[in-house]
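A.B. asks: To be precise about what I am sending: the file is called start-v1.txt and holds compact mmCIF, C-alpha atoms.
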```txt
# COMPACT_ATOMS: atom_id res chain seq x y z
CA MET H 12 25.86 -49.90 5.25
CA PRO H 13 22.17 -48.87 5.68
CA ALA H 14 23.33 -45.33 6.54
CA ALA H 15 25.43 -45.15 3.37
CA LYS H 16 22.48 -46.33 1.30
CA LYS H 17 20.28 -43.66 2.85
CA LYS H 18 22.90 -41.02 2.11
CA THR H 19 23.18 -41.98 -1.56
CA THR H 20 19.42 -42.09 -2.03
CA THR H 21 18.95 -38.65 -0.51
CA ALA H 22 21.81 -37.09 -2.47
CA ASN H 23 20.25 -38.28 -5.71
CA ALA H 24 16.74 -37.16 -4.79
CA SER H 25 14.69 -35.46 -7.51
CA PRO H 26 13.71 -31.78 -7.73
CA GLU H 27 10.27 -32.92 -6.61
CA ARG H 28 11.80 -34.21 -3.39
CA ARG H 29 13.50 -30.87 -2.86
CA ARG H 30 10.14 -29.12 -3.20
CA GLU H 31 8.62 -31.58 -0.75
CA LEU H 32 11.32 -30.70 1.76
CA LEU H 33 10.67 -26.99 1.31
CA ASN H 34 6.94 -27.53 1.73
CA THR H 35 7.55 -29.49 4.90
CA ALA H 36 9.86 -26.80 6.28
CA ALA H 37 7.37 -24.06 5.37
CA GLU H 38 4.55 -25.75 7.24
CA ILE H 39 6.72 -26.16 10.34
CA PHE H 40 8.07 -22.60 10.21
CA ALA H 41 4.51 -21.29 9.84
CA ALA H 42 3.14 -23.37 12.71
CA HIS H 43 5.98 -23.10 15.21
CA GLY H 44 8.10 -20.14 14.16
CA TYR H 45 11.47 -20.02 12.46
CA ASN H 46 13.60 -19.69 15.59
CA ALA H 47 11.84 -22.55 17.37
CA THR H 48 12.27 -24.92 14.42
CA THR H 49 15.36 -27.13 14.22
CA VAL H 50 16.85 -28.90 11.24
CA ARG H 51 16.25 -32.15 13.08
CA ARG H 52 12.54 -31.43 13.35
CA ILE H 53 12.28 -30.71 9.63
CA ALA H 54 14.19 -33.90 8.85
CA ASP H 55 12.01 -35.95 11.20
CA GLU H 56 8.85 -34.64 9.54
CA ALA H 57 10.36 -35.41 6.14
CA GLY H 58 11.29 -38.95 7.17
CA MET H 59 15.04 -38.56 6.80
CA LEU H 60 18.20 -38.16 8.87
CA ALA H 61 19.06 -34.61 9.93
CA GLY H 62 22.46 -34.84 8.25
CA SER H 63 20.87 -35.89 4.97
CA LEU H 64 19.01 -32.59 4.77
CA TYR H 65 22.32 -30.83 4.21
CA TYR H 66 22.67 -32.52 0.83
CA HIS H 67 19.91 -30.19 -0.32
CA PHE H 68 20.31 -27.07 1.83
CA ASP H 69 23.28 -25.76 3.76
CA SER H 70 21.10 -24.42 6.58
CA LYS H 71 17.53 -23.83 7.65
CA GLU H 72 18.18 -20.17 6.78
CA SER H 73 18.71 -21.23 3.16
CA MET H 74 15.40 -23.07 3.25
CA LEU H 75 13.60 -20.04 4.61
CA ASP H 76 15.24 -17.81 2.03
CA GLU H 77 14.10 -20.03 -0.83
CA ILE H 78 10.57 -20.32 0.58
CA LEU H 79 10.13 -16.56 0.89
CA SER H 80 11.94 -15.53 -2.29
CA SER H 81 9.98 -18.04 -4.39
CA PHE H 82 6.70 -16.78 -2.96
CA LEU H 83 7.57 -13.12 -3.57
CA THR H 84 8.86 -13.79 -7.08
CA GLU H 85 5.58 -15.41 -8.05
CA LEU H 86 3.55 -12.74 -6.26
CA TRP H 87 5.27 -9.97 -8.20
CA GLU H 88 4.90 -11.76 -11.51
CA GLY H 89 1.15 -11.62 -10.91
CA TYR H 90 1.10 -8.09 -9.52
CA ASP H 91 3.30 -6.69 -12.28
CA ALA H 92 1.01 -8.21 -14.90
CA VAL H 93 -1.98 -6.52 -13.25
CA LEU H 94 -0.24 -3.16 -12.97
CA ALA H 95 0.88 -3.29 -16.60
CA ALA H 96 -2.56 -4.18 -17.95
CA GLY H 97 -3.87 -0.61 -18.10
CA LEU H 98 -6.86 -1.35 -15.87
CA GLY H 99 -9.01 1.30 -14.25
CA PRO H 100 -8.47 1.81 -10.50
CA ARG H 101 -11.39 -0.31 -9.38
CA GLU H 102 -10.56 -3.12 -11.79
CA ALA H 103 -6.92 -2.97 -10.70
CA ILE H 104 -7.88 -3.28 -7.03
CA GLU H 105 -10.14 -6.21 -7.89
CA ALA H 106 -7.33 -7.91 -9.83
CA LEU H 107 -4.74 -7.29 -7.09
CA VAL H 108 -7.03 -8.71 -4.41
CA THR H 109 -7.83 -11.75 -6.56
CA GLU H 110 -4.14 -12.33 -7.27
CA SER H 111 -3.42 -12.05 -3.54
CA PHE H 112 -5.92 -14.78 -2.68
CA ARG H 113 -4.49 -16.96 -5.43
CA GLU H 114 -1.05 -16.58 -3.86
CA ILE H 115 -2.46 -17.53 -0.47
CA ASP H 116 -3.86 -20.63 -2.13
CA ARG H 117 -0.47 -21.49 -3.67
CA HIS H 118 1.79 -20.40 -0.82
CA ARG H 119 -0.31 -20.32 2.35
CA ALA H 120 2.54 -21.31 4.66
CA ALA H 121 4.95 -18.83 3.06
CA VAL H 122 2.42 -16.03 3.53
CA ALA H 123 2.04 -16.95 7.20
CA ILE H 124 5.82 -16.97 7.64
CA TYR H 125 6.13 -13.62 5.89
CA GLN H 126 3.56 -12.08 8.22
CA LYS H 127 5.20 -13.42 11.37
CA GLU H 128 8.88 -13.17 10.53
CA SER H 129 9.51 -10.49 7.90
CA ARG H 130 9.93 -7.55 10.27
CA HIS H 131 12.93 -8.96 12.13
CA LEU H 132 14.29 -10.89 9.14
CA ALA H 133 14.45 -7.73 7.04
CA ALA H 134 17.21 -6.41 9.33
CA GLN H 135 19.50 -9.20 8.11
CA PRO H 136 21.46 -8.56 4.89
CA ARG H 137 20.37 -11.87 3.37
CA PHE H 138 16.71 -10.89 3.72
CA GLY H 139 17.00 -7.25 2.72
CA TYR H 140 14.74 -7.96 -0.26
CA LEU H 141 11.82 -8.24 2.17
CA SER H 142 11.99 -4.50 2.87
CA ASP H 143 12.32 -3.74 -0.83
CA SER H 144 9.28 -5.87 -1.60
CA GLN H 145 7.25 -4.21 1.16
CA GLN H 146 8.03 -0.74 -0.22
CA LYS H 147 7.10 -1.86 -3.73
CA PHE H 148 3.92 -3.45 -2.41
CA GLU H 149 2.92 -0.26 -0.61
CA LYS H 150 3.64 1.88 -3.65
CA ALA H 151 1.49 -0.33 -5.89
CA TRP H 152 -1.52 -0.29 -3.60
CA LEU H 153 -1.31 3.36 -2.55
CA GLY H 154 -0.81 4.46 -6.14
CA THR H 155 -3.87 2.55 -7.31
CA LEU H 156 -6.02 3.93 -4.49
CA GLU H 157 -4.80 7.48 -5.11
CA ARG H 158 -5.60 7.14 -8.80
CA GLY H 159 -9.08 5.95 -7.91
CA VAL H 160 -9.72 9.01 -5.73
CA ALA H 161 -8.32 11.36 -8.40
CA ASP H 162 -10.55 9.75 -11.05
CA GLY H 163 -13.64 9.99 -8.87
CA VAL H 164 -13.97 6.20 -8.68
CA PHE H 165 -13.33 6.12 -4.93
CA ARG H 166 -14.61 8.58 -2.35
CA ALA H 167 -12.83 11.91 -2.16
CA ASP H 168 -12.70 11.73 1.64
CA LEU H 169 -11.01 8.33 1.65
CA ASP H 170 -8.00 8.02 3.95
CA ILE H 171 -5.67 6.34 1.45
CA ARG H 172 -3.10 4.98 3.88
CA LEU H 173 -5.71 3.70 6.33
CA THR H 174 -7.58 2.01 3.49
CA TYR H 175 -4.36 0.42 2.24
CA ARG H 176 -3.58 -0.99 5.68
CA PHE H 177 -7.11 -2.31 6.07
CA VAL H 178 -7.11 -4.02 2.68
CA ARG H 179 -3.59 -5.40 3.14
CA ASP H 180 -4.20 -6.82 6.59
CA THR H 181 -7.64 -8.27 5.94
CA VAL H 182 -6.49 -9.99 2.76
CA TRP H 183 -3.29 -11.55 4.05
CA VAL H 184 -4.71 -12.62 7.42
CA ALA H 185 -6.67 -15.19 5.41
CA ALA H 186 -3.51 -17.30 5.43
CA SER H 187 -4.30 -18.11 9.07
CA TRP H 188 -7.56 -19.87 8.22
CA TYR H 189 -7.56 -20.64 4.49
CA ARG H 190 -6.90 -24.22 3.45
CA PRO H 191 -6.38 -25.20 -0.21
CA GLY H 192 -9.08 -27.45 -1.59
CA GLY H 193 -11.74 -26.06 0.74
CA GLN H 194 -15.33 -25.17 0.02
CA HIS H 195 -14.50 -21.87 -1.70
CA SER H 196 -11.95 -21.22 -4.42
CA PRO H 197 -9.57 -18.27 -4.02
CA GLU H 198 -11.46 -16.46 -6.77
CA GLU H 199 -14.77 -16.91 -4.94
CA ILE H 200 -13.27 -15.69 -1.66
CA ALA H 201 -11.87 -12.66 -3.49
CA ARG H 202 -15.28 -11.94 -5.03
CA GLN H 203 -17.02 -12.08 -1.67
CA TYR H 204 -14.32 -9.95 -0.07
CA LEU H 205 -14.48 -7.34 -2.81
CA SER H 206 -18.27 -7.12 -2.64
CA MET H 207 -17.91 -6.08 1.00
CA VAL H 208 -14.92 -3.76 0.66
CA LEU H 209 -15.76 -1.89 -2.53
CA ASP H 210 -19.21 -0.87 -1.38
CA GLY H 211 -17.41 0.98 1.37
CA ILE H 212 -14.94 2.86 -0.86
CA ALA H 213 -16.82 3.34 -4.14
CA ALA H 214 -17.82 6.92 -4.95
CA ARG H 215 -21.36 7.79 -3.86
CA VAL H 216 -23.65 8.59 -6.76
```
Kindly present the structure from the file in structure tokens form.
C.D. replies:
Amino acid sequence: MPAAKKKTTTANASPERRRELLNTAAEIFAAHGYNATTVRRIADEAGMLAGSLYYHFDSKESMLDEILSSFLTELWEGYDAVLAAGLGPREAIEALVTESFREIDRHRAAVAIYQKESRHLAAQPRFGYLSDSQQKFEKAWLGTLERGVADGVFRADLDIRLTYRFVRDTVWVAASWYRPGGQHSPEEIARQYLSMVLDGIAARV
């Protein structure tokens, strides 16, 4: 009878509980890796029976899919708004970097998972959108940097692709050390980061 009661309670859990389960899974995937994480471990961390987890998700793959797709959907809502705003190249870079740090604040574990897992996941049909997102991401950043060079805002001798890789990697690696609610807000971290980076790529007067 206690098992049946547990089953009913879990099946009727709220959307908030579902988000809690996803957050728990994301933290475990980020810390220990997707392949090394079992459904039982997620359930144990969530304080429930392993079988009860299947009332919400049919597999840990479904959990990972929802974690990554939700993160990327929100990321692109922010990026698309920046790219559609008609900003100059420098202002666009500043806005993209700031939006990136905000996403790390909102989805730190998902960012860490994306960095560690996306390359091999992208080969699976279910996660093909990871490759599409990466190509779109690259196009957005390279296009903005190229526009800045063409407009004379960034140095003419700038290696666009190298700069893109540097900015991309140094921004997203922050997911390995950033903790929400820390001493600095994501906007402040972005401001400090930009003050260092832009002095290196701004056109010399």
A.B. asks: Find the residues near region 187-198 of chain H: any atom within 12 Å, counting all atoms listed in the file, skip ones fewer than 6 places away on the same chain, and give them as a ChimeraX atom specification.
C.D. replies: /H:38,41-42,105-127,180-181,204-205
A.B. asks: Contacts of region 133-145 of chain H at 9 Å or less, counting all atoms listed in the file, minus same-chain residues fewer than 6 places along, as a ChimeraX atom specification?
C.D. replies: /H:76,79-80,83,87,125
A.B. asks: Between CA of Asn46 (chain H) and CA of Tyr65 (chain H), what is the distance in Å, rounded to a tenth?
C.D. replies: 18.2 Å
A.B. asks: Using all atoms listed in the file, can you tell me which of H:Gly58, H:Thr155, H:Ile78, H:Leu64 comes closest to Ala95 (chain H)?
C.D. replies: H:Thr155
A.B. asks: For Ala213 (chain H), please output as an NGL selection string all residues within 8 Å (counting all atoms listed in the file; exclusion window: fewer than 4 positions along the same chain).
C.D. replies: :H and (164-166 or 209)
A.B. asks: Could you jot down the CA of Leu75 (chain H) to CA of Ala54 (chain H) separation for me, Å, one decimal place?
C.D. replies: 14.5 Å
A.B. asks: Using Å and a single decimal, report how far CA of Gly163 (chain H) sits from CA of Ala214 (chain H).
C.D. replies: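 These two atoms are separated by 6.5 Å.
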A.B. asks: Considering all atoms listed in the file, can you say which of H:Ala201, H:Tyr90, H:Tyr66, H:His43 comes closest to Arg28 (chain H)?
C.D. replies: H:Tyr66
A.B. asks: Restricting the calculation to all atoms listed in the file, which member of H:Phe177, H:Trp152, H:Phe40, H:Phe68 is positioned closest to Ala103 (chain H)?
C.D. replies: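 That would be H:Trp152, the residue with the smallest distance to Ala103 (chain H).
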